[in-house]
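Take a look at the structure set out below.
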Amino acid sequence: MATEYGHGYGHRGGSGFRGAGADGWRHRLPAPLRAPFEARSWREFGYVMLGLPLGILMFTFAVTMVSLGAGLLITFLGVPVLAAALAGCRGLGSLERARARGLLGVEVAEPEPLRTRKHGAMAWMGAVLKSGASWRHLLYAVVQFPWSVFSFVVALNFWAYGWALLTYPLWFWVFPMYGGQDGLQLYGDDTHSIYLDNPFEITVTALVGLLFTMATPWIVRALTTVDRLMVRGLLGPSRLATRVVELESDRGVVVDTAAADLRRIERDLHDGAQARLVSLAMDLGLAKEKLAEDPEAAARMVDEAHGEVKTALQELRDLARGIHPAVLTDRGLDAALSAVASRCTVPVQVEVDLAARPAPAIEGIAYFTVSELLQNISKHSRATRASVDVWRVENRLMIQVCDNGVGGAGVSGGSGLAGLAERLDAVDGILVVDSPVAGPTRVTAELPWRG
């Protein structure tokens with residue numbers, strides 16, 4: 001593995017203290033006072049304000065086109081009209097995803113594309129009508145309109161009344177008498193009228209406006225939470241499509257890993273045992289020629305060849321152990337991990353608490369995961385002790401490897417741990433690395449239990 005513990009200090013540097021500028025005092029303000037001035041609050045408010053006109057557009061288009069298509073279904077024209085309606089809703093959905101991404105920071109992937117087995121308009125219309133994503137876009141266009149009306153009215157009223165009441169002392173001072181009346185009329189009929197025109201009433205009005213102003217960002221945030229759920233649930237890919245994409249990616253990782261392992265085995269055989277066997281054959285040939293004329297030299301050459309045979313056999317054993325160790329097949333993880341730990345350069349405590357053995361494939365992945373992590377400890381950690389714990393939690397196999405080394409490990413792109421994380425992800429596994437600078441390091445791997 002290529003991951004080096006203790007590197008990357010520059011990425012973790014910095015004192016962590018902010019300057020005394022605008023950011024400093026802004027972050028010292030309580031969240032309720034800070035929220036009305038944050039860019040996020042204004043982006044969310046803008047999202048709600050834009051939601052109404054876009055909702056009207058989408059609702060009008062969807063209802064008109066679907067009604068027209070349904071009415072024309074008695075003729076052939078209804079099918080292309082319905083297909084055009086669904087295709088238009090998919091286009092408006094792209095606009096909504098872009099709006100949510102820009103104003104709410106919601107990253108929603110494109111839905112699954114249309115799959116057509118043939119070319120032509122008929123095949124395209126059939127794919128649009130059969131696509132679940134198309135109908136989800138239509139549903140979004142219909143349900144988003146009443147929600148946008150509600151959220152627009154609530155957000156605009158809270159925002160307008162909050163700022164109007166908060167700034168009431170200012171414009172009361174600028175316009176002490178407007179339209180012949182003192183202050184803002186709170187109540188009035190034919191015989192009675194109440195105006196907010198004395199200092200106490202003006203102060204209470206401003207405090208009420210302050211409460212409205214502080215509450216508005218949180219109310220708008222709650223409203224946009226519903227929008228986030230609708231965008232993710234109706235405009236993104238379905239769970240099945242997402243799972244298919246994950247499985248396709250995992251399959252690619254498995255294929256690449258198998259190809260890399262085959263290349264490694266071929267390289268080790270070619271550069272190691274095969275080269276030694278070729279040299280051994282040449283040495284034995286020379287010894288055979290010298291056997292009659294110089295028996296002592298031939299004996300020395302045979303002795304050297306015997307040493308080469310032992311070295312080649314050891315390399316073949318190491319190679320076989322790297323493919324799949326016999327001790328793992330015969331005695332399970334406990335014995336196999338103990339054998340790996342004995343070859344580590346630091347003392348390793350191994351504890352395996354398993355009442356049964358997992359499937360051979362999962363067992364092999366667990367073995368090689370621990371083997372690579374212990375190799376990292378030997379090469380880079382500068383630790384004085386380490387531990388390996390393996391246990392089962394319901395239907396998951398848990399592995400934890402810890403050391404007291406220098407830390408700084410991570411799953412950054414191109415590192416050995418990143419490759420290990422990809423291998424685990426290919427079988428629905430997880431790799432979590434906790435390795436602060438100066439240590440200790442704790443790597444936790446989680447694999448599915450398949451008995």
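Residue numbering restarts at 1 in every chain; chains get A, B, ... in the order shown in the structure tokens, and ligands count up from 1 in that same order.
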Give one line per residue of region 47-78 of chain A that approaches region 96-120 of chain A to at most 12 Å, naming the two atoms of the closest pair and their distance in Å to one decimal, counting only C-alpha atoms; sort by chain then ascending residue number and deliver it as JSON lines.
{"residue": "A:Tyr47", "atom": "CA", "partner": "A:Leu103", "partner_atom": "CA", "distance": 6.2}
{"residue": "A:Val48", "atom": "CA", "partner": "A:Leu103", "partner_atom": "CA", "distance": 9.8}
{"residue": "A:Met49", "atom": "CA", "partner": "A:Leu103", "partner_atom": "CA", "distance": 11.4}
{"residue": "A:Leu50", "atom": "CA", "partner": "A:Arg99", "partner_atom": "CA", "distance": 9.1}
{"residue": "A:Gly51", "atom": "CA", "partner": "A:Glu96", "partner_atom": "CA", "distance": 9.2}
{"residue": "A:Leu54", "atom": "CA", "partner": "A:Glu96", "partner_atom": "CA", "distance": 8.7}
{"residue": "A:Gly55", "atom": "CA", "partner": "A:Glu96", "partner_atom": "CA", "distance": 9.9}
{"residue": "A:Leu57", "atom": "CA", "partner": "A:Glu96", "partner_atom": "CA", "distance": 11.9}
{"residue": "A:Met58", "atom": "CA", "partner": "A:Glu96", "partner_atom": "CA", "distance": 10.1}
Please write the residues from the selection above to a file, keeping all heavy atoms, as a PDB file, in the first residue's frame.
ATOM      1  N   TYR A  47     -35.576  31.787  -3.339  1.00  0.00           N
ATOM      2  CA  TYR A  47     -36.109  30.539  -3.897  1.00  0.00           C
ATOM      3  C   TYR A  47     -37.616  30.473  -3.738  1.00  0.00           C
ATOM      4  O   TYR A  47     -38.334  30.080  -4.670  1.00  0.00           O
ATOM      5  CB  TYR A  47     -35.444  29.350  -3.194  1.00  0.00           C
ATOM      6  CG  TYR A  47     -35.888  28.009  -3.719  1.00  0.00           C
ATOM      7  CD1 TYR A  47     -35.214  27.390  -4.764  1.00  0.00           C
ATOM      8  CD2 TYR A  47     -36.979  27.349  -3.167  1.00  0.00           C
ATOM      9  CE1 TYR A  47     -35.617  26.162  -5.257  1.00  0.00           C
ATOM     10  CE2 TYR A  47     -37.393  26.116  -3.647  1.00  0.00           C
ATOM     11  CZ  TYR A  47     -36.712  25.534  -4.690  1.00  0.00           C
ATOM     12  OH  TYR A  47     -37.124  24.320  -5.185  1.00  0.00           O
ATOM     13  N   VAL A  48     -38.119  30.855  -2.565  1.00  0.00           N
ATOM     14  CA  VAL A  48     -39.562  30.822  -2.339  1.00  0.00           C
ATOM     15  C   VAL A  48     -40.270  31.832  -3.229  1.00  0.00           C
ATOM     16  O   VAL A  48     -41.351  31.558  -3.778  1.00  0.00           O
ATOM     17  CB  VAL A  48     -39.854  31.081  -0.849  1.00  0.00           C
ATOM     18  CG1 VAL A  48     -41.358  31.222  -0.609  1.00  0.00           C
ATOM     19  CG2 VAL A  48     -39.299  29.959   0.013  1.00  0.00           C
ATOM     20  N   MET A  49     -39.687  33.025  -3.388  1.00  0.00           N
ATOM     21  CA  MET A  49     -40.324  34.037  -4.236  1.00  0.00           C
ATOM     22  C   MET A  49     -40.377  33.593  -5.698  1.00  0.00           C
ATOM     23  O   MET A  49     -41.376  33.839  -6.394  1.00  0.00           O
ATOM     24  CB  MET A  49     -39.558  35.359  -4.123  1.00  0.00           C
ATOM     25  CG  MET A  49     -39.628  36.021  -2.752  1.00  0.00           C
ATOM     26  SD  MET A  49     -41.295  36.481  -2.225  1.00  0.00           S
ATOM     27  CE  MET A  49     -41.691  35.143  -1.086  1.00  0.00           C
ATOM     28  N   LEU A  50     -39.330  32.958  -6.181  1.00  0.00           N
ATOM     29  CA  LEU A  50     -39.336  32.466  -7.566  1.00  0.00           C
ATOM     30  C   LEU A  50     -40.235  31.252  -7.741  1.00  0.00           C
ATOM     31  O   LEU A  50     -40.663  30.947  -8.858  1.00  0.00           O
ATOM     32  CB  LEU A  50     -37.914  32.104  -7.992  1.00  0.00           C
ATOM     33  CG  LEU A  50     -36.952  33.251  -8.260  1.00  0.00           C
ATOM     34  CD1 LEU A  50     -35.559  32.713  -8.533  1.00  0.00           C
ATOM     35  CD2 LEU A  50     -37.436  34.076  -9.445  1.00  0.00           C
ATOM     36  N   GLY A  51     -40.524  30.564  -6.641  1.00  0.00           N
ATOM     37  CA  GLY A  51     -41.317  29.341  -6.743  1.00  0.00           C
ATOM     38  C   GLY A  51     -42.716  29.573  -7.254  1.00  0.00           C
ATOM     39  O   GLY A  51     -43.259  28.727  -7.987  1.00  0.00           O
ATOM     40  N   LEU A  54     -42.793  30.230 -11.230  1.00  0.00           N
ATOM     41  CA  LEU A  54     -42.428  28.984 -11.891  1.00  0.00           C
ATOM     42  C   LEU A  54     -43.465  27.892 -11.633  1.00  0.00           C
ATOM     43  O   LEU A  54     -43.735  27.059 -12.506  1.00  0.00           O
ATOM     44  CB  LEU A  54     -41.056  28.513 -11.395  1.00  0.00           C
ATOM     45  CG  LEU A  54     -39.872  29.355 -11.860  1.00  0.00           C
ATOM     46  CD1 LEU A  54     -38.581  28.865 -11.219  1.00  0.00           C
ATOM     47  CD2 LEU A  54     -39.746  29.319 -13.375  1.00  0.00           C
ATOM     48  N   GLY A  55     -44.064  27.898 -10.445  1.00  0.00           N
ATOM     49  CA  GLY A  55     -45.116  26.938 -10.156  1.00  0.00           C
ATOM     50  C   GLY A  55     -46.330  27.149 -11.039  1.00  0.00           C
ATOM     51  O   GLY A  55     -46.958  26.188 -11.506  1.00  0.00           O
ATOM     52  N   LEU A  57     -46.264  28.469 -14.015  1.00  0.00           N
ATOM     53  CA  LEU A  57     -45.872  28.023 -15.356  1.00  0.00           C
ATOM     54  C   LEU A  57     -45.944  26.507 -15.479  1.00  0.00           C
ATOM     55  O   LEU A  57     -46.538  25.968 -16.435  1.00  0.00           O
ATOM     56  CB  LEU A  57     -44.457  28.515 -15.655  1.00  0.00           C
ATOM     57  CG  LEU A  57     -43.806  27.979 -16.935  1.00  0.00           C
ATOM     58  CD1 LEU A  57     -44.567  28.460 -18.157  1.00  0.00           C
ATOM     59  CD2 LEU A  57     -42.340  28.402 -17.007  1.00  0.00           C
ATOM     60  N   MET A  58     -45.357  25.784 -14.521  1.00  0.00           N
ATOM     61  CA  MET A  58     -45.338  24.323 -14.598  1.00  0.00           C
ATOM     62  C   MET A  58     -46.738  23.737 -14.470  1.00  0.00           C
ATOM     63  O   MET A  58     -47.105  22.810 -15.201  1.00  0.00           O
ATOM     64  CB  MET A  58     -44.416  23.763 -13.506  1.00  0.00           C
ATOM     65  CG  MET A  58     -42.947  24.051 -13.732  1.00  0.00           C
ATOM     66  SD  MET A  58     -41.862  23.177 -12.557  1.00  0.00           S
ATOM     67  CE  MET A  58     -42.340  23.975 -11.034  1.00  0.00           C
TER      68      MET A  58
END
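Across the structure, CA of Leu166 (chain A) and CA of Thr213 (chain A) are spaced 7.6 Å apart.
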Separation of CA of Pro440 (chain A) from CA of Leu354 (chain A), in Å and rounded to one decimal: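 One can read the CA of Pro440 (chain A) to CA of Leu354 (chain A) distance as 26.1 Å.
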Residue among A:Ala83, A:Cys402, A:Ile362, A:Ala164 lying closest to Trp449 (chain A), counting only C-alpha atoms: A:Ile362
What's the 10 Å shell around region 76-79 of chain A, counting only C-alpha atoms, without same-chain residues fewer than 5 positions away, as an mmCIF file with N, CA, C and O atoms, in the first residue's frame?
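File written: result-v4.cif
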data_model
loop_
_atom_site.group_PDB
_atom_site.id
_atom_site.type_symbol
_atom_site.label_atom_id
_atom_site.label_comp_id
_atom_site.auth_asym_id
_atom_site.auth_seq_id
_atom_site.Cartn_x
_atom_site.Cartn_y
_atom_site.Cartn_z
ATOM 1 N N MET A 65 -51.519 20.421 -21.044
ATOM 2 C CA MET A 65 -51.057 19.396 -21.980
ATOM 3 C C MET A 65 -51.638 18.023 -21.656
ATOM 4 O O MET A 65 -52.039 17.275 -22.556
ATOM 5 N N VAL A 66 -51.698 17.670 -20.376
ATOM 6 C CA VAL A 66 -52.243 16.360 -20.012
ATOM 7 C C VAL A 66 -53.737 16.301 -20.318
ATOM 8 O O VAL A 66 -54.248 15.278 -20.812
ATOM 9 N N SER A 67 -54.471 17.382 -20.033
ATOM 10 C CA SER A 67 -55.900 17.395 -20.341
ATOM 11 C C SER A 67 -56.125 17.287 -21.846
ATOM 12 O O SER A 67 -57.011 16.542 -22.299
ATOM 13 N N LEU A 68 -55.308 18.011 -22.613
ATOM 14 C CA LEU A 68 -55.443 17.937 -24.061
ATOM 15 C C LEU A 68 -55.101 16.545 -24.565
ATOM 16 O O LEU A 68 -55.814 15.978 -25.408
ATOM 17 N N GLY A 69 -54.028 15.968 -24.053
ATOM 18 C CA GLY A 69 -53.650 14.631 -24.478
ATOM 19 C C GLY A 69 -54.680 13.589 -24.094
ATOM 20 O O GLY A 69 -54.990 12.681 -24.880
ATOM 21 N N ALA A 70 -55.220 13.699 -22.860
ATOM 22 C CA ALA A 70 -56.240 12.740 -22.439
ATOM 23 C C ALA A 70 -57.493 12.858 -23.289
ATOM 24 O O ALA A 70 -58.138 11.857 -23.622
ATOM 25 N N GLY A 71 -57.857 14.106 -23.651
ATOM 26 C CA GLY A 71 -59.035 14.286 -24.491
ATOM 27 C C GLY A 71 -58.854 13.766 -25.897
ATOM 28 O O GLY A 71 -59.833 13.370 -26.547
ATOM 29 N N ALA A 84 -45.271 14.613 -25.324
ATOM 30 C CA ALA A 84 -44.699 15.961 -25.287
ATOM 31 C C ALA A 84 -44.893 16.602 -23.914
ATOM 32 O O ALA A 84 -44.020 17.336 -23.429
ATOM 33 N N ALA A 85 -46.046 16.334 -23.285
ATOM 34 C CA ALA A 85 -46.277 16.877 -21.942
ATOM 35 C C ALA A 85 -45.252 16.339 -20.954
ATOM 36 O O ALA A 85 -44.676 17.089 -20.156
ATOM 37 N N MET A 122 -41.807 6.745 -32.610
ATOM 38 C CA MET A 122 -42.655 5.840 -31.851
ATOM 39 C C MET A 122 -41.892 5.237 -30.667
ATOM 40 O O MET A 122 -42.426 5.121 -29.557
ATOM 41 N N MET A 125 -41.531 7.987 -28.011
ATOM 42 C CA MET A 125 -42.771 8.223 -27.272
ATOM 43 C C MET A 125 -43.049 7.084 -26.300
ATOM 44 O O MET A 125 -43.475 7.308 -25.152
ATOM 45 N N GLY A 126 -42.808 5.846 -26.717
ATOM 46 C CA GLY A 126 -43.004 4.719 -25.811
ATOM 47 C C GLY A 126 -42.087 4.781 -24.615
ATOM 48 O O GLY A 126 -42.499 4.488 -23.485
ATOM 49 N N LEU A 129 -43.364 7.527 -22.167
ATOM 50 C CA LEU A 129 -44.573 7.126 -21.447
ATOM 51 C C LEU A 129 -44.295 6.007 -20.446
ATOM 52 O O LEU A 129 -44.984 5.896 -19.428
#
From A:Met282, A:Ala445, A:Met301, A:Ile219, residue lying nearest Gly429 (chain A) [only C-alpha atoms]: A:Ala445
Pick from A:Gly91, A:Gly132, A:Ile430, A:Pro199 nearest to Ala418 (chain A), counting only C-alpha atoms: A:Ile430
d(CA of Ser381 (chain A), CA of Gly405 (chain A)) in Å: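 Rounded to one decimal, the two atoms are 4.7 Å apart.
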Contacts of region 203-212 of chain A at 10 Å (only C-alpha atoms; same-chain gap of 5+ positions) as a list in words: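 Close residues of region 203-212 of chain A: Pro32, Leu33, Asn157, Phe158, Trp159, Ala160, Tyr161, Gly162, Trp163, Ala164, Leu165, Leu166, Thr167, Tyr168, Pro169, Leu170, Leu196, Asn198, Pro217 and Ile219 of chain A.
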